[in-house]
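Structure file work.pdb with PDB, C-alpha atoms, pLDDT in the B column:
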```pdb
MODEL        1
ATOM      1  CA  MET E   1      17.962   6.575  -7.248  1.00 77.00           C
ATOM      2  CA  ARG E   2      17.513   2.937  -6.290  1.00 87.00           C
ATOM      3  CA  PHE E   3      16.431   2.221  -2.746  1.00 93.00           C
ATOM      4  CA  ASN E   4      16.225  -0.985  -0.805  1.00 93.00           C
ATOM      5  CA  PHE E   5      14.752  -1.771   2.567  1.00 96.00           C
ATOM      6  CA  GLN E   6      15.459  -4.249   5.299  1.00 95.00           C
ATOM      7  CA  LEU E   7      14.232  -4.904   8.794  1.00 95.00           C
ATOM      8  CA  LEU E   8      16.798  -4.093  11.425  1.00 95.00           C
ATOM      9  CA  GLU E   9      18.427  -7.154  12.932  1.00 95.00           C
ATOM     10  CA  LYS E  10      17.885  -6.262  16.554  1.00 93.00           C
ATOM     11  CA  ALA E  11      21.035  -8.050  17.679  1.00 93.00           C
ATOM     12  CA  ALA E  12      22.987  -5.531  15.581  1.00 93.00           C
ATOM     13  CA  LEU E  13      21.260  -2.445  17.023  1.00 93.00           C
ATOM     14  CA  GLU E  14      24.325  -1.230  18.913  1.00 94.00           C
ATOM     15  CA  ASP E  15      26.361  -1.217  15.689  1.00 94.00           C
ATOM     16  CA  ILE E  16      24.018   1.221  13.953  1.00 95.00           C
ATOM     17  CA  LEU E  17      22.627   3.194  16.895  1.00 96.00           C
ATOM     18  CA  LEU E  18      24.798   6.275  16.405  1.00 96.00           C
ATOM     19  CA  GLN E  19      24.029   6.473  12.667  1.00 96.00           C
ATOM     20  CA  LEU E  20      20.302   6.377  13.401  1.00 97.00           C
ATOM     21  CA  PHE E  21      20.530   9.094  16.005  1.00 96.00           C
ATOM     22  CA  LYS E  22      22.566  11.399  13.762  1.00 96.00           C
ATOM     23  CA  ILE E  23      19.696  11.381  11.260  1.00 95.00           C
ATOM     24  CA  LEU E  24      17.096  11.964  13.990  1.00 94.00           C
ATOM     25  CA  HIS E  25      19.128  14.697  15.672  1.00 94.00           C
ATOM     26  CA  GLY E  26      19.911  16.449  12.394  1.00 92.00           C
ATOM     27  CA  ASN E  27      16.216  16.696  11.518  1.00 88.00           C
ATOM     28  CA  MET E  28      14.684  17.424  14.917  1.00 86.00           C
ATOM     29  CA  SER E  29      17.278  19.940  16.104  1.00 86.00           C
ATOM     30  CA  LEU E  30      15.940  22.257  13.394  1.00 79.00           C
ATOM     31  CA  ILE E  31      12.305  21.728  14.423  1.00 79.00           C
ATOM     32  CA  ALA E  32      12.217  21.202  18.177  1.00 80.00           C
ATOM     33  CA  PRO E  33      15.680  21.519  19.761  1.00 84.00           C
ATOM     34  CA  THR E  34      15.895  20.139  23.279  1.00 87.00           C
ATOM     35  CA  GLY E  35      18.511  22.571  24.541  1.00 90.00           C
ATOM     36  CA  GLY E  36      20.786  19.679  25.488  1.00 91.00           C
ATOM     37  CA  THR E  37      24.076  18.658  23.924  1.00 94.00           C
ATOM     38  CA  PHE E  38      24.306  15.962  21.256  1.00 95.00           C
ATOM     39  CA  GLU E  39      25.753  13.565  23.823  1.00 95.00           C
ATOM     40  CA  GLU E  40      22.993  14.282  26.361  1.00 95.00           C
ATOM     41  CA  ASP E  41      20.240  13.834  23.779  1.00 95.00           C
ATOM     42  CA  PHE E  42      21.828  10.630  22.516  1.00 96.00           C
ATOM     43  CA  ALA E  43      21.954   9.176  26.035  1.00 96.00           C
ATOM     44  CA  VAL E  44      18.259   9.942  26.609  1.00 95.00           C
ATOM     45  CA  TRP E  45      17.241   8.483  23.238  1.00 95.00           C
ATOM     46  CA  ARG E  46      19.392   5.386  23.713  1.00 95.00           C
ATOM     47  CA  GLU E  47      17.769   4.716  27.077  1.00 96.00           C
ATOM     48  CA  TYR E  48      14.390   4.662  25.315  1.00 94.00           C
ATOM     49  CA  ILE E  49      15.141   2.957  22.003  1.00 95.00           C
ATOM     50  CA  VAL E  50      17.157  -0.055  23.167  1.00 95.00           C
ATOM     51  CA  PRO E  51      14.467  -1.580  25.426  1.00 95.00           C
ATOM     52  CA  ALA E  52      11.678  -0.425  23.090  1.00 94.00           C
ATOM     53  CA  LEU E  53      13.055  -2.462  20.196  1.00 94.00           C
ATOM     54  CA  GLN E  54      13.281  -5.566  22.344  1.00 93.00           C
ATOM     55  CA  GLU E  55       9.505  -5.867  22.030  1.00 92.00           C
ATOM     56  CA  GLU E  56       8.769  -8.372  19.279  1.00 90.00           C
ATOM     57  CA  ARG E  57       5.874  -6.401  17.807  1.00 90.00           C
ATOM     58  CA  ARG E  58       8.006  -3.268  17.300  1.00 94.00           C
ATOM     59  CA  GLN E  59      10.157  -3.145  14.170  1.00 94.00           C
ATOM     60  CA  MET E  60      12.526  -0.729  12.471  1.00 96.00           C
ATOM     61  CA  VAL E  61      12.990  -0.547   8.712  1.00 96.00           C
ATOM     62  CA  LEU E  62      16.350   0.643   7.416  1.00 97.00           C
ATOM     63  CA  MET E  63      16.075   2.671   4.202  1.00 96.00           C
ATOM     64  CA  LEU E  64      19.196   2.314   2.092  1.00 96.00           C
ATOM     65  CA  CYS E  65      20.517   3.945  -1.052  1.00 93.00           C
ATOM     66  CA  GLY E  66      23.372   1.728  -2.089  1.00 91.00           C
ATOM     67  CA  ASP E  67      25.496   1.308   1.009  1.00 90.00           C
ATOM     68  CA  GLU E  68      24.325   4.576   2.576  1.00 94.00           C
ATOM     69  CA  LEU E  69      21.674   4.788   5.294  1.00 96.00           C
ATOM     70  CA  ALA E  70      19.109   7.232   3.899  1.00 96.00           C
ATOM     71  CA  GLY E  71      16.693   7.010   6.814  1.00 96.00           C
ATOM     72  CA  TYR E  72      14.663   4.721   9.010  1.00 96.00           C
ATOM     73  CA  PHE E  73      11.060   3.959   9.878  1.00 95.00           C
ATOM     74  CA  GLN E  74       9.959   2.591  13.249  1.00 95.00           C
ATOM     75  CA  TYR E  75       6.536   1.043  13.700  1.00 94.00           C
ATOM     76  CA  ASP E  76       4.511  -1.015  16.137  1.00 94.00           C
ATOM     77  CA  ILE E  77       1.542  -3.315  15.573  1.00 92.00           C
ATOM     78  CA  CYS E  78      -0.779  -3.804  18.530  1.00 89.00           C
ATOM     79  CA  ASN E  79      -4.015  -5.706  17.983  1.00 89.00           C
ATOM     80  CA  ASP E  80      -5.660  -3.964  15.000  1.00 92.00           C
ATOM     81  CA  VAL E  81      -3.561  -0.776  15.084  1.00 93.00           C
ATOM     82  CA  PHE E  82      -0.562   0.051  12.890  1.00 93.00           C
ATOM     83  CA  MET E  83       1.355   2.712  14.827  1.00 94.00           C
ATOM     84  CA  MET E  84       3.766   4.798  12.762  1.00 93.00           C
ATOM     85  CA  GLU E  85       6.146   5.736  15.553  1.00 94.00           C
ATOM     86  CA  GLU E  86       9.025   7.439  13.779  1.00 92.00           C
ATOM     87  CA  ILE E  87      10.143   8.192  10.257  1.00 91.00           C
ATOM     88  CA  GLN E  88      13.374  10.063   9.693  1.00 92.00           C
ATOM     89  CA  ILE E  89      14.901  10.724   6.275  1.00 92.00           C
ATOM     90  CA  ARG E  90      18.146  12.534   5.604  1.00 92.00           C
ATOM     91  CA  PRO E  91      17.455  15.903   3.915  1.00 89.00           C
ATOM     92  CA  GLU E  92      19.242  14.976   0.686  1.00 91.00           C
ATOM     93  CA  TYR E  93      16.865  12.031   0.193  1.00 90.00           C
ATOM     94  CA  GLN E  94      13.641  13.920   0.857  1.00 84.00           C
ATOM     95  CA  GLY E  95      11.551  14.451  -2.257  1.00 80.00           C
ATOM     96  CA  THR E  96      13.157  11.511  -4.094  1.00 84.00           C
ATOM     97  CA  GLY E  97      10.246   9.050  -3.912  1.00 82.00           C
ATOM     98  CA  LEU E  98      11.762   7.195  -0.959  1.00 86.00           C
ATOM     99  CA  PHE E  99       8.620   7.561   1.164  1.00 81.00           C
ATOM    100  CA  ARG E 100       6.384   5.972  -1.459  1.00 79.00           C
ATOM    101  CA  GLU E 101       8.853   3.159  -2.114  1.00 86.00           C
ATOM    102  CA  LEU E 102       8.916   2.435   1.616  1.00 89.00           C
ATOM    103  CA  TYR E 103       5.149   1.966   1.758  1.00 82.00           C
ATOM    104  CA  ARG E 104       5.142  -0.230  -1.326  1.00 82.00           C
ATOM    105  CA  TRP E 105       7.676  -2.449   0.402  1.00 89.00           C
ATOM    106  CA  LEU E 106       5.663  -2.424   3.630  1.00 86.00           C
ATOM    107  CA  GLY E 107       2.455  -3.500   1.900  1.00 78.00           C
ATOM    108  CA  ASP E 108       2.843  -7.229   2.478  1.00 77.00           C
ATOM    109  CA  LYS E 109       4.554  -6.831   5.857  1.00 82.00           C
ATOM    110  CA  ILE E 110       1.476  -5.471   7.658  1.00 83.00           C
ATOM    111  CA  PRO E 111      -1.106  -8.126   8.676  1.00 81.00           C
ATOM    112  CA  GLY E 112      -4.365  -7.982   6.742  1.00 79.00           C
ATOM    113  CA  ASP E 113      -6.498  -7.712   9.885  1.00 84.00           C
ATOM    114  CA  VAL E 114      -4.969  -4.368  10.895  1.00 89.00           C
ATOM    115  CA  THR E 115      -7.761  -1.781  10.767  1.00 90.00           C
ATOM    116  CA  TYR E 116      -6.383   1.521  12.019  1.00 93.00           C
ATOM    117  CA  VAL E 117      -3.254   3.587  11.558  1.00 92.00           C
ATOM    118  CA  GLN E 118      -2.060   6.035  14.198  1.00 95.00           C
ATOM    119  CA  ALA E 119       0.814   8.473  14.576  1.00 95.00           C
ATOM    120  CA  TYR E 120       2.072  11.297  16.757  1.00 94.00           C
ATOM    121  CA  SER E 121       3.587  14.533  15.502  1.00 92.00           C
ATOM    122  CA  ASN E 122       5.511  17.084  17.529  1.00 90.00           C
ATOM    123  CA  LYS E 123       3.449  20.266  17.842  1.00 90.00           C
ATOM    124  CA  GLU E 124       6.300  22.271  16.323  1.00 85.00           C
ATOM    125  CA  ASN E 125       6.551  19.977  13.300  1.00 85.00           C
ATOM    126  CA  LEU E 126       3.929  21.502  11.019  1.00 84.00           C
ATOM    127  CA  LYS E 127       5.445  19.767   8.004  1.00 80.00           C
ATOM    128  CA  SER E 128       4.872  16.334   9.545  1.00 84.00           C
ATOM    129  CA  GLN E 129       1.321  17.290  10.470  1.00 89.00           C
ATOM    130  CA  GLY E 130       0.637  18.311   6.878  1.00 85.00           C
ATOM    131  CA  ILE E 131       1.893  14.952   5.589  1.00 83.00           C
ATOM    132  CA  LEU E 132      -0.280  12.997   8.026  1.00 88.00           C
ATOM    133  CA  GLU E 133      -3.338  14.984   6.980  1.00 87.00           C
ATOM    134  CA  ARG E 134      -2.590  14.345   3.309  1.00 82.00           C
ATOM    135  CA  LEU E 135      -2.483  10.636   4.137  1.00 82.00           C
ATOM    136  CA  GLY E 136      -6.031  10.892   5.475  1.00 85.00           C
ATOM    137  CA  LEU E 137      -5.276  10.878   9.199  1.00 90.00           C
ATOM    138  CA  ARG E 138      -7.001  13.373  11.457  1.00 91.00           C
ATOM    139  CA  ARG E 139      -6.069  14.847  14.789  1.00 93.00           C
ATOM    140  CA  ILE E 140      -7.854  13.146  17.690  1.00 93.00           C
ATOM    141  CA  GLY E 141      -5.933  14.362  20.739  1.00 93.00           C
ATOM    142  CA  GLU E 142      -2.520  14.877  22.272  1.00 94.00           C
ATOM    143  CA  SER E 143       0.252  12.802  23.792  1.00 92.00           C
ATOM    144  CA  LYS E 144       0.388  12.418  27.571  1.00 91.00           C
ATOM    145  CA  SER E 145       3.291  14.869  27.704  1.00 90.00           C
ATOM    146  CA  GLY E 146       1.345  17.439  25.700  1.00 92.00           C
ATOM    147  CA  ASN E 147       4.261  17.866  23.268  1.00 91.00           C
ATOM    148  CA  SER E 148       2.677  16.059  20.312  1.00 93.00           C
ATOM    149  CA  TYR E 149      -0.634  15.738  18.498  1.00 95.00           C
ATOM    150  CA  HIS E 150      -2.232  12.304  18.121  1.00 96.00           C
ATOM    151  CA  TYR E 151      -3.505  11.332  14.651  1.00 95.00           C
ATOM    152  CA  MET E 152      -5.649   8.417  13.518  1.00 94.00           C
ATOM    153  CA  GLY E 153      -7.109   7.036  10.291  1.00 91.00           C
ATOM    154  CA  LYS E 154      -8.208   3.862   8.533  1.00 89.00           C
ATOM    155  CA  CYS E 155      -5.361   1.609   7.439  1.00 85.00           C
ATOM    156  CA  ARG E 156      -7.178   0.562   4.258  1.00 79.00           C
ATOM    157  CA  GLY E 157      -7.676   4.196   3.348  1.00 75.00           C
ATOM    158  CA  LEU E 158      -3.955   4.824   3.749  1.00 77.00           C
ATOM    159  CA  TRP E 159      -2.982   1.980   1.403  1.00 75.00           C
ATOM    160  CA  ASP E 160      -5.645   2.970  -1.143  1.00 74.00           C
ATOM    161  CA  TYR E 161      -4.410   6.552  -1.140  1.00 70.00           C
ATOM    162  CA  LEU E 162      -0.805   5.503  -1.654  1.00 70.00           C
ATOM    163  CA  GLU E 163      -1.750   3.151  -4.485  1.00 68.00           C
ATOM    164  CA  LYS E 164      -3.674   5.859  -6.340  1.00 66.00           C
ATOM    165  CA  THR E 165      -1.409   8.812  -5.654  1.00 58.00           C
ATOM    166  CA  GLU E 166       2.130   9.560  -6.690  1.00 51.00           C
ATOM    167  CA  LEU E 167       3.254  10.640  -3.239  1.00 45.00           C
ATOM    168  CA  THR E 168       6.678  11.948  -2.308  1.00 50.00           C
ATOM    169  CA  ILE E 169       7.959  13.843   0.684  1.00 49.00           C
ATOM    170  CA  GLU E 170       8.892  17.317  -0.485  1.00 58.00           C
ATOM    171  CA  LYS E 171      10.296  20.210   1.438  1.00 61.00           C
ATOM    172  CA  TYR E 172       7.372  22.208   2.793  1.00 63.00           C
ATOM    173  CA  THR E 173       8.443  25.703   1.790  1.00 73.00           C
ATOM    174  CA  LYS E 174       6.668  28.956   2.505  1.00 75.00           C
ATOM    175  CA  ASP E 175       5.350  29.232  -1.047  1.00 77.00           C
ATOM    176  CA  LYS E 176       3.365  25.988  -0.525  1.00 75.00           C
ATOM    177  CA  ILE E 177       1.421  27.225   2.530  1.00 77.00           C
ATOM    178  CA  ARG E 178      -1.664  28.174   0.531  1.00 75.00           C
ATOM    179  CA  GLU E 179      -1.720  24.803  -1.257  1.00 74.00           C
ATOM    180  CA  VAL E 180      -1.513  22.883   2.033  1.00 72.00           C
ATOM    181  CA  LEU E 181      -4.190  25.028   3.694  1.00 72.00           C
ATOM    182  CA  ASP E 182      -6.511  24.489   0.719  1.00 72.00           C
ATOM    183  CA  PHE E 183      -6.020  20.741   1.134  1.00 65.00           C
ATOM    184  CA  GLU E 184      -6.839  20.973   4.850  1.00 67.00           C
ATOM    185  CA  ARG E 185     -10.052  22.839   4.009  1.00 67.00           C
ATOM    186  CA  ARG E 186     -11.079  20.062   1.601  1.00 61.00           C
ATOM    187  CA  LEU E 187     -10.509  17.489   4.336  1.00 56.00           C
ATOM    188  CA  ARG E 188     -12.799  19.441   6.642  1.00 57.00           C
ATOM    189  CA  GLU E 189     -15.587  19.224   4.081  1.00 56.00           C
ATOM    190  CA  GLU E 190     -15.433  15.435   4.500  1.00 48.00           C
ATOM    191  CA  GLU E 191     -14.935  15.348   8.278  1.00 49.00           C
ATOM    192  CA  SER E 192     -15.805  18.391  10.363  1.00 49.00           C
ATOM    193  CA  ASP E 193     -14.598  17.220  13.788  1.00 51.00           C
ATOM    194  CA  TRP E 194     -11.018  18.521  13.670  1.00 53.00           C
ATOM    195  CA  GLY E 195     -10.854  20.476  16.921  1.00 55.00           C
ATOM    196  CA  TRP E 196      -9.211  23.627  15.549  1.00 59.00           C
ATOM    197  CA  GLU E 197      -9.960  26.233  12.902  1.00 69.00           C
ATOM    198  CA  ILE E 198      -7.937  27.514   9.967  1.00 74.00           C
ATOM    199  CA  ASP E 199      -8.154  31.099  11.151  1.00 75.00           C
ATOM    200  CA  ASP E 200      -5.734  34.036  10.996  1.00 77.00           C
ATOM    201  CA  ALA E 201      -3.949  32.895  14.169  1.00 76.00           C
ATOM    202  CA  TYR E 202      -3.372  29.407  12.750  1.00 73.00           C
ATOM    203  CA  ILE E 203      -2.103  30.801   9.433  1.00 76.00           C
ATOM    204  CA  ARG E 204       0.311  33.121  11.273  1.00 76.00           C
ATOM    205  CA  GLN E 205       1.583  30.152  13.281  1.00 75.00           C
ATOM    206  CA  VAL E 206       2.289  28.261  10.061  1.00 72.00           C
ATOM    207  CA  GLU E 207       4.026  31.260   8.463  1.00 76.00           C
ATOM    208  CA  ASP E 208       6.119  31.909  11.571  1.00 74.00           C
ATOM    209  CA  SER E 209       7.396  28.316  11.529  1.00 70.00           C
ATOM    210  CA  PHE E 210       9.518  29.059   8.445  1.00 68.00           C
TER
ENDMDL
END
```
Take the structure in the file and give it back as structure tokens.
Amino acid sequence: MRFNFQLLEKAALEDILLQLFKILHGNMSLIAPTGGTFEEDFAVWREYIVPALQEERRQMVLMLCGDELAGYFQYDICNDVFMMEEIQIRPEYQGTGLFRELYRWLGDKIPGDVTYVQAYSNKENLKSQGILERLGLRRIGESKSGNSYHYMGKCRGLWDYLEKTELTIEKYTKDKIREVLDFERRLREEESDWGWEIDDAYIRQVEDSF
């Protein structure tokens, strides 16, 4: 597959808003459903995203496969922090190398003086948490709402990891639990301050998420 990327022209946001939300809703309704209707959730999201993207420092990357929108990535740069706010990829494009191609493209778009990378992950989204940990980010707290974990790492470490590693987003299936947990244990050997243990309760929580 051949992918290409482009920054969203903010003046054209209204034209693509529904397409973006369909991808977001399709992914998140399986992980953390809100209980609302599609229309209700869209109205809430629209109320947030339209003013948010008016801020100059916040950008959205459209990920395209031919003429089809395969996903999008929203980020914010504030002082020396690269905030990965949202990445949503349609299921049929997960595991195709799209994630790695995105970061290759982003390489010269992020200012060189950016030091840290941060992200939030919904507490129910164990797959996202596993990806962030593989990228070298560690959990440092929670969001104000308490619905998400807050992750942080060194931006240089992220780029170095992506340059050295053939990284793709794959479906996190139940048969990969042991592999992911082994990776988490190796991370803890390097940095012990994680705030939670890989105990029987944690493993059951991971297994029950499938």
Distance of CA of Leu24 (chain E) from CA of Glu40 (chain E), expressed in Å to one decimal place: 13.9 Å
Env of Arg2 (chain E): 9 Å cut, atoms = only C-alpha atoms, seq-sep filter 5 positions within chain, self excluded. Answer as a PDB file with C-alpha atoms, in the coordinates of the input.
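The result, stored in part_15.pdb:
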```pdb
ATOM      1  CA  LEU E  64      19.196   2.314   2.092  1.00 96.00           C
ATOM      2  CA  CYS E  65      20.517   3.945  -1.052  1.00 93.00           C
ATOM      3  CA  GLY E  66      23.372   1.728  -2.089  1.00 91.00           C
ATOM      4  CA  LEU E  98      11.762   7.195  -0.959  1.00 86.00           C
TER       5      LEU E  98
END
```
Output of the PyMOL selection byres ((chain E and resi 93) around 12), listed as a ChimeraX atom specification: /E:1-3,23,63-65,68-72,88-92,94-99,168-171
First collect every listed atom of region 37-42 of chain E; then fit an axis-aligned box around them, widen it by 8 Å on each side, and give centre and edge lengths in Å to one decimal, as JSON.
```
{"center_x": 23.0, "center_y": 14.6, "center_z": 23.8, "size_x": 21.5, "size_y": 24.0, "size_z": 21.1}
```
Residues near Gly36 (chain E), cut-off 12 Å, all atoms listed in the file, skip fewer than 6 positions along chain, as a PyMOL selection string: chain E and resi 25+29+42-45
Hits from the PyMOL selection byres ((chain E and resi 106-116) around 9), listed as a list in words: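 Here the PyMOL selection byres ((chain E and resi 106-116) around 9) matches Ile77, Cys78, Asn79, Asp80, Val81, Phe82, Met83, Glu101, Leu102, Tyr103, Arg104, Trp105, Val117, Gln118, Met152, Gly153, Lys154, Cys155, Arg156 and Trp159 of chain E.
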Point-to-point distance in Å for CA of Ser145 (chain E) and CA of Arg58 (chain E):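 Value for the CA of Arg58 (chain E)-CA of Ser145 (chain E) distance: 21.4 Å.
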With all atoms listed in the file counted, which protein, DNA or RNA residues have an atom no more than 12 Å from (20.6, -2.1, 17.9) in the file frame? Please answer as a short mmCIF file (atom, residue, chain, number, x, y, z; two decimals) with C-alpha atoms, in the coordinates of the input.
```cif
data_model
loop_
_atom_site.label_atom_id
_atom_site.label_comp_id
_atom_site.auth_asym_id
_atom_site.auth_seq_id
_atom_site.Cartn_x
_atom_site.Cartn_y
_atom_site.Cartn_z
CA LEU E 7 14.23 -4.90 8.79
CA LEU E 8 16.80 -4.09 11.42
CA GLU E 9 18.43 -7.15 12.93
CA LYS E 10 17.89 -6.26 16.55
CA ALA E 11 21.04 -8.05 17.68
CA ALA E 12 22.99 -5.53 15.58
CA LEU E 13 21.26 -2.44 17.02
CA GLU E 14 24.32 -1.23 18.91
CA ASP E 15 26.36 -1.22 15.69
CA ILE E 16 24.02 1.22 13.95
CA LEU E 17 22.63 3.19 16.90
CA LEU E 18 24.80 6.28 16.40
CA GLN E 19 24.03 6.47 12.67
CA LEU E 20 20.30 6.38 13.40
CA PHE E 21 20.53 9.09 16.00
CA ARG E 46 19.39 5.39 23.71
CA GLU E 47 17.77 4.72 27.08
CA TYR E 48 14.39 4.66 25.32
CA ILE E 49 15.14 2.96 22.00
CA VAL E 50 17.16 -0.06 23.17
CA PRO E 51 14.47 -1.58 25.43
CA ALA E 52 11.68 -0.42 23.09
CA LEU E 53 13.06 -2.46 20.20
CA GLN E 54 13.28 -5.57 22.34
CA GLN E 59 10.16 -3.14 14.17
CA MET E 60 12.53 -0.73 12.47
CA LEU E 62 16.35 0.64 7.42
#
```
CA of Asp76 (chain E) to CA of Phe5 (chain E), distance in Å rounded to a single decimal: 17.0 Å
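You can rank E:Lys123, E:Phe38, E:Asn147, E:Gly26 by their closest distance to Ser209 (chain E) using all atoms listed in the file, and at the top of that list sits E:Lys123.
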